[in-house]
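Beneath this line is the structure, given in structure tokens, with notes to follow.
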Amino acid sequence: MPIDYDRLMNRRFPEIEQDYRENDTILYALSVGLGFEPDDGSQLRYVYEDDLEALPTMAVILGYPGFWMKDPDSGIDWRRVLHGEQGLTIHQPLAAAGKIVGKTRITEIVDKGRGKGALVYAHRDICDRQTGNLLCTVTHTAVCRGNGGFGGPSRSTRPAHELPDRAPDAICELPTYAHSALLYRLNGDLNPLHADPDIARQAGFPRPILHGLCTFGVAGHALLRALCGYDAARLRRMEVRFSAPVFPGETIRTEIWREAPGRAGFRCGVKERNIVVINSGLAEYVV
């Protein structure tokens, strides 16, 4: 069944109420690599319950409506879906534990044409369930490689952030591990592409790939380390475009350009294969 544009644009998502605990906060931080230097107190604050803090990028797993693209009525060939873009705006720092509600909606669908796929843009507000205050806004672009040519609008894609044509001001290399995808999926993203070798091969990969949001979390760790002195309250915004998958166990090298006070561009590459995996990155932070 192909995508039905009107039906998908008007898809109603249930509001997701979620209670998260300190253990969930620690699990998320461990799954994106925090604690790999256990003697570093700056990292310890995100993985140890004494004065625990939440990573800003943990917002991307909160209020998640589940892998809804696998539902037959979506019309999406879920086995061929890739993570195209991810954005995060932090309005208020996350508590180490809390009660939130996630409100998701589809904001745009672009038909790139037969054989070229489709883009599905989604927006999620994460609010404090008790006060109603907006905590974070999460945006997501899915590249549906098997769904082009369904007859929807063929608007041009959104412009990417242009990086400076000079050497980066900072470089941060961070590891991933052979089990990183298996650990990260415990945050709630159970797409078998990241665990099942047969599903990965059907999608055209030699083995399971790392979740795009895990790569995003590692990039956020690099920004927190290089720009914010591991102070979670200073990171305010991240926007990225994914350009290639990461395989668990590879090293992610983040190059950062300071473009203006409180604003930086960045990209991430895999050190072992010398390829770019996140491009056109934009970060905003408190100086």
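Residues in the structure tokens are numbered from 1 in each chain, the chains being A, B, ... in the order shown, and ligands are numbered from 1 in the order shown.
Every protein or nucleic acid residue with an atom no more than 10 Å from Trp257 of chain A, counting only C-alpha atoms and leaving out same-chain residues fewer than 6 positions away, appears here: A:Leu163, A:Pro164, A:Asp165, A:Arg166, A:Ala167, A:Pro168, A:Asp169, A:Ala170, A:Ile171, A:Arg263, A:Ala264, A:Gly265, A:Phe266, A:Arg267, A:Gly281, A:Leu282, A:Ala283.
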Produce a file of the selected residues containing N, CA and C atoms, as a compact mmCIF listing (two decimals), in the first residue's frame.
# COMPACT_ATOMS: atom_id res chain seq x y z
N LEU A 163 28.87 24.76 6.38
CA LEU A 163 30.01 24.82 7.28
C LEU A 163 31.11 25.70 6.72
N PRO A 164 31.92 26.34 7.57
CA PRO A 164 33.00 27.20 7.10
C PRO A 164 34.04 26.42 6.29
N ASP A 165 34.65 27.11 5.34
CA ASP A 165 35.69 26.50 4.50
C ASP A 165 37.06 26.81 5.11
N ARG A 166 37.32 26.20 6.25
CA ARG A 166 38.59 26.36 6.95
C ARG A 166 38.76 25.21 7.92
N ALA A 167 39.93 25.14 8.52
CA ALA A 167 40.19 24.06 9.48
C ALA A 167 39.29 24.22 10.69
N PRO A 168 38.85 23.13 11.30
CA PRO A 168 37.99 23.23 12.49
C PRO A 168 38.74 23.83 13.67
N ASP A 169 37.98 24.43 14.57
CA ASP A 169 38.56 25.02 15.78
C ASP A 169 38.77 23.98 16.87
N ALA A 170 38.04 22.90 16.81
CA ALA A 170 38.17 21.85 17.83
C ALA A 170 37.80 20.51 17.20
N ILE A 171 38.44 19.45 17.69
CA ILE A 171 38.16 18.09 17.25
C ILE A 171 38.00 17.21 18.50
N ARG A 263 27.35 30.01 18.94
CA ARG A 263 26.89 29.32 17.72
C ARG A 263 28.08 28.60 17.08
N ALA A 264 27.88 27.34 16.72
CA ALA A 264 28.97 26.55 16.12
C ALA A 264 28.40 25.60 15.06
N GLY A 265 29.20 25.37 14.04
CA GLY A 265 28.90 24.33 13.07
C GLY A 265 29.73 23.11 13.37
N PHE A 266 29.25 21.94 12.95
CA PHE A 266 30.02 20.72 13.22
C PHE A 266 29.66 19.63 12.22
N ARG A 267 30.54 18.67 12.12
CA ARG A 267 30.26 17.44 11.38
C ARG A 267 30.99 16.30 12.07
N GLY A 281 26.00 20.16 10.64
CA GLY A 281 25.56 20.30 12.02
C GLY A 281 25.56 21.75 12.48
N LEU A 282 24.59 22.09 13.29
CA LEU A 282 24.50 23.43 13.88
C LEU A 282 24.21 23.27 15.38
N ALA A 283 24.95 23.98 16.18
CA ALA A 283 24.75 23.97 17.63
C ALA A 283 24.64 25.39 18.15
Counting only C-alpha atoms, what is within 10 Å of segment 55-57 of chain A, bar same-chain residues fewer than 6 positions away, as a PDB file with C-alpha atoms, in the first residue's frame?
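As a result, selection_12.pdb now contains:
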ATOM      1  CA  THR A  25      18.819   8.715  32.743  1.00  0.00           C
ATOM      2  CA  ILE A  26      21.935   6.700  33.557  1.00  0.00           C
ATOM      3  CA  TYR A  28      20.745   6.688  28.234  1.00  0.00           C
ATOM      4  CA  ALA A  29      24.076   8.298  29.122  1.00  0.00           C
ATOM      5  CA  VAL A  32      25.812   7.042  24.067  1.00  0.00           C
ATOM      6  CA  LEU A  34      29.363   8.547  28.788  1.00  0.00           C
ATOM      7  CA  ARG A  45      27.709  13.346  36.914  1.00  0.00           C
ATOM      8  CA  TYR A  46      25.674  11.776  34.064  1.00  0.00           C
ATOM      9  CA  VAL A  47      26.144   8.110  35.018  1.00  0.00           C
ATOM     10  CA  GLY A  87      16.820  18.490  15.541  1.00  0.00           C
ATOM     11  CA  LEU A  88      16.566  19.350  19.220  1.00  0.00           C
ATOM     12  CA  THR A  89      15.728  22.647  20.909  1.00  0.00           C
ATOM     13  CA  ILE A  90      16.029  22.751  24.689  1.00  0.00           C
ATOM     14  CA  GLN A  92      14.358  24.097  29.901  1.00  0.00           C
ATOM     15  CA  PRO A  93      17.019  21.647  31.146  1.00  0.00           C
ATOM     16  CA  LEU A  94      15.725  18.149  31.826  1.00  0.00           C
ATOM     17  CA  ALA A  95      15.568  16.932  35.396  1.00  0.00           C
ATOM     18  CA  ALA A  96      17.328  13.689  36.318  1.00  0.00           C
ATOM     19  CA  CYS A 136      12.103  20.471  24.573  1.00  0.00           C
ATOM     20  CA  VAL A 138      12.316  17.381  18.844  1.00  0.00           C
ATOM     21  CA  LEU A 213      19.889   8.853  17.506  1.00  0.00           C
ATOM     22  CA  CYS A 214      22.816   7.110  19.165  1.00  0.00           C
ATOM     23  CA  PHE A 216      23.311  12.056  17.511  1.00  0.00           C
ATOM     24  CA  GLY A 217      23.896  11.442  21.219  1.00  0.00           C
ATOM     25  CA  VAL A 218      27.619  10.895  20.678  1.00  0.00           C
ATOM     26  CA  ALA A 219      27.740  14.165  18.709  1.00  0.00           C
ATOM     27  CA  GLY A 220      25.935  15.872  21.589  1.00  0.00           C
ATOM     28  CA  HIS A 221      28.521  14.435  23.986  1.00  0.00           C
ATOM     29  CA  LEU A 224      29.087  19.171  25.582  1.00  0.00           C
ATOM     30  CA  TYR A 230      30.212  19.252  30.386  1.00  0.00           C
ATOM     31  CA  ASP A 231      27.580  21.719  31.665  1.00  0.00           C
ATOM     32  CA  ALA A 232      24.242  20.396  30.367  1.00  0.00           C
ATOM     33  CA  ALA A 233      22.440  23.696  30.960  1.00  0.00           C
ATOM     34  CA  ARG A 234      24.612  25.452  28.364  1.00  0.00           C
ATOM     35  CA  LEU A 235      23.599  23.388  25.314  1.00  0.00           C
ATOM     36  CA  ARG A 236      20.451  24.864  23.769  1.00  0.00           C
ATOM     37  CA  ARG A 237      20.049  23.542  20.232  1.00  0.00           C
ATOM     38  CA  MET A 238      21.337  20.879  17.818  1.00  0.00           C
TER      39      MET A 238
END
Go through segment 21-262 of chain A and collect every residue that DSSP, computed from the backbone, puts in alpha helix (DSSP H); the answer should be as a PDB file with C-alpha atoms, in the first residue's frame.
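Result file follows (selection19.pdb):
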ATOM      1  CA  GLU A  22      17.336   8.097  37.520  1.00  0.00           C
ATOM      2  CA  ASN A  23      18.124   4.604  36.189  1.00  0.00           C
ATOM      3  CA  ASP A  24      16.681   5.568  32.771  1.00  0.00           C
ATOM      4  CA  THR A  25      18.819   8.715  32.743  1.00  0.00           C
ATOM      5  CA  ILE A  26      21.935   6.700  33.557  1.00  0.00           C
ATOM      6  CA  LEU A  27      21.101   4.045  30.928  1.00  0.00           C
ATOM      7  CA  TYR A  28      20.745   6.688  28.234  1.00  0.00           C
ATOM      8  CA  ALA A  29      24.076   8.298  29.122  1.00  0.00           C
ATOM      9  CA  LEU A  30      25.862   4.932  29.139  1.00  0.00           C
ATOM     10  CA  SER A  31      24.287   3.996  25.787  1.00  0.00           C
ATOM     11  CA  GLY A  41      34.085  13.535  37.287  1.00  0.00           C
ATOM     12  CA  SER A  42      32.617  15.620  34.472  1.00  0.00           C
ATOM     13  CA  GLN A  43      31.255  12.444  32.867  1.00  0.00           C
ATOM     14  CA  LEU A  44      30.453  10.798  36.185  1.00  0.00           C
ATOM     15  CA  SER A 180      26.396  -0.080  21.470  1.00  0.00           C
ATOM     16  CA  ALA A 181      23.311  -0.651  19.295  1.00  0.00           C
ATOM     17  CA  LEU A 182      22.090  -3.496  21.521  1.00  0.00           C
ATOM     18  CA  LEU A 183      22.470  -1.249  24.558  1.00  0.00           C
ATOM     19  CA  TYR A 184      20.949   1.834  22.928  1.00  0.00           C
ATOM     20  CA  PRO A 197      21.742  -9.337  10.961  1.00  0.00           C
ATOM     21  CA  ASP A 198      19.146 -10.765   8.550  1.00  0.00           C
ATOM     22  CA  ILE A 199      17.047  -7.580   8.647  1.00  0.00           C
ATOM     23  CA  ALA A 200      20.215  -5.498   8.179  1.00  0.00           C
ATOM     24  CA  ARG A 201      21.190  -7.509   5.091  1.00  0.00           C
ATOM     25  CA  GLN A 202      17.671  -7.133   3.654  1.00  0.00           C
ATOM     26  CA  GLY A 212      20.983   7.491  14.134  1.00  0.00           C
ATOM     27  CA  LEU A 213      19.889   8.853  17.506  1.00  0.00           C
ATOM     28  CA  CYS A 214      22.816   7.110  19.165  1.00  0.00           C
ATOM     29  CA  THR A 215      25.179   8.819  16.722  1.00  0.00           C
ATOM     30  CA  PHE A 216      23.311  12.056  17.511  1.00  0.00           C
ATOM     31  CA  GLY A 217      23.896  11.442  21.219  1.00  0.00           C
ATOM     32  CA  VAL A 218      27.619  10.895  20.678  1.00  0.00           C
ATOM     33  CA  ALA A 219      27.740  14.165  18.709  1.00  0.00           C
ATOM     34  CA  GLY A 220      25.935  15.872  21.589  1.00  0.00           C
ATOM     35  CA  HIS A 221      28.521  14.435  23.986  1.00  0.00           C
ATOM     36  CA  ALA A 222      31.290  15.909  21.817  1.00  0.00           C
ATOM     37  CA  LEU A 223      29.637  19.348  21.833  1.00  0.00           C
ATOM     38  CA  LEU A 224      29.087  19.171  25.582  1.00  0.00           C
ATOM     39  CA  ARG A 225      32.754  18.275  26.055  1.00  0.00           C
ATOM     40  CA  ALA A 226      34.295  20.750  23.596  1.00  0.00           C
ATOM     41  CA  LEU A 227      31.971  23.765  23.913  1.00  0.00           C
TER      42      LEU A 227
END
Mind checking which residues fall within 9 Å of Arg241 of chain A, counting only C-alpha atoms, ignoring those fewer than 4 positions away in the same chain, and posting them as a list of chain:residue names?
A:His83, A:Gly84, A:Glu85, A:Gln86, A:Gly87, A:Thr141, A:Ala160, A:His161, A:Val277, A:Ile278, A:Asn279, A:Ser280, A:Gly281
Please save C-alpha atoms of the selected residues as a PDB file, in the first residue's frame.
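Output saved as selection-v7.pdb:
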ATOM      1  CA  HIS A  83      17.093   8.558   9.543  1.00  0.00           C
ATOM      2  CA  GLY A  84      17.685  11.704   7.485  1.00  0.00           C
ATOM      3  CA  GLU A  85      17.751  14.639   9.891  1.00  0.00           C
ATOM      4  CA  GLN A  86      17.370  15.303  13.592  1.00  0.00           C
ATOM      5  CA  GLY A  87      16.820  18.490  15.541  1.00  0.00           C
ATOM      6  CA  THR A 141      13.127  13.635   9.117  1.00  0.00           C
ATOM      7  CA  ALA A 160      21.381  22.449   5.065  1.00  0.00           C
ATOM      8  CA  HIS A 161      23.600  24.491   7.355  1.00  0.00           C
ATOM      9  CA  VAL A 277      28.303  10.338   8.947  1.00  0.00           C
ATOM     10  CA  ILE A 278      26.766  13.611  10.203  1.00  0.00           C
ATOM     11  CA  ASN A 279      27.034  16.761   8.123  1.00  0.00           C
ATOM     12  CA  SER A 280      25.759  20.340   8.219  1.00  0.00           C
ATOM     13  CA  GLY A 281      25.561  20.302  12.017  1.00  0.00           C
TER      14      GLY A 281
END
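Going from atom CA of Leu119 of chain A to atom CA of Phe67 of chain A covers 16.1 Å.
A straight line drawn from atom CA of Asn10 of chain A to atom CA of Asn133 of chain A is 25.2 Å long.
Residue nearest Pro206 of chain A within the list A:Val286, A:Ala54, A:Val110, A:Leu193: A:Leu193 [criterion: smallest interatomic distance, only C-alpha atoms].
Minimum atom-to-atom distance to Ser154 of chain A, evaluated using only C-alpha atoms, belongs to A:Glu108 out of A:Asp189, A:Glu108, A:Asp77, A:Glu259.
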Which of these, A:Gly188, A:Gly115, A:Gly152, A:Pro38, has the shortest distance to Tyr64 of chain A once you count only C-alpha atoms?
A:Gly188
Minimum-distance residue to Arg253 of chain A, chosen among A:Val276, A:Gly151, A:His211, A:Asp40 (using only C-alpha atoms):
A:Val276
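Among A:Val246, A:Ile209, A:Leu190, A:Ile16, the residue with the shortest atom-to-atom distance to Asp125 of chain A, counting only C-alpha atoms, is A:Ile16.
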Find the residue from A:Phe150, A:Tyr177, A:Phe242, A:Tyr5 that sits nearest to Phe36 of chain A; use only C-alpha atoms when measuring.
A:Tyr177
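Neighbouring residues of Ala118 of chain A at 9 Å or closer, counting only C-alpha atoms and skipping chain neighbours under 6 positions away, are Ile109, Val110, Asp111, Lys112, Ala142, Val143, Cys144, Arg145, Gly146, Asn147, Gly148, Gly149, Phe150, Gly152 and Ser154 of chain A.
The environment of Met69 of chain A within 9 Å, counting only C-alpha atoms and disregarding residues fewer than 5 places along the same chain, consists of Ser74, Gly75, Ile76, Asp77, Trp78 and Val81 of chain A.
The shell of residues at most 6 Å from segment 250-252 of chain A, with only C-alpha atoms counted and near chain neighbours (fewer than 2 positions) removed, consists of A:Glu173, A:Leu174, A:Pro175, A:Thr176, A:Pro248, A:Gly269, A:Val270, A:Lys271.
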Could you go through segment 53-269 of chain A and tell me which residues DSSP, when run on the backbone, assigns to strand (DSSP E or B), listing them as number ranges by chain?
A: 81-90, 98-111, 118-128, 134-144, 170-175, 235-242, 251-260, 263-269
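Here atom CA of Asp73 of chain A stands at a distance of 8.9 Å from atom CA of Leu8 of chain A.
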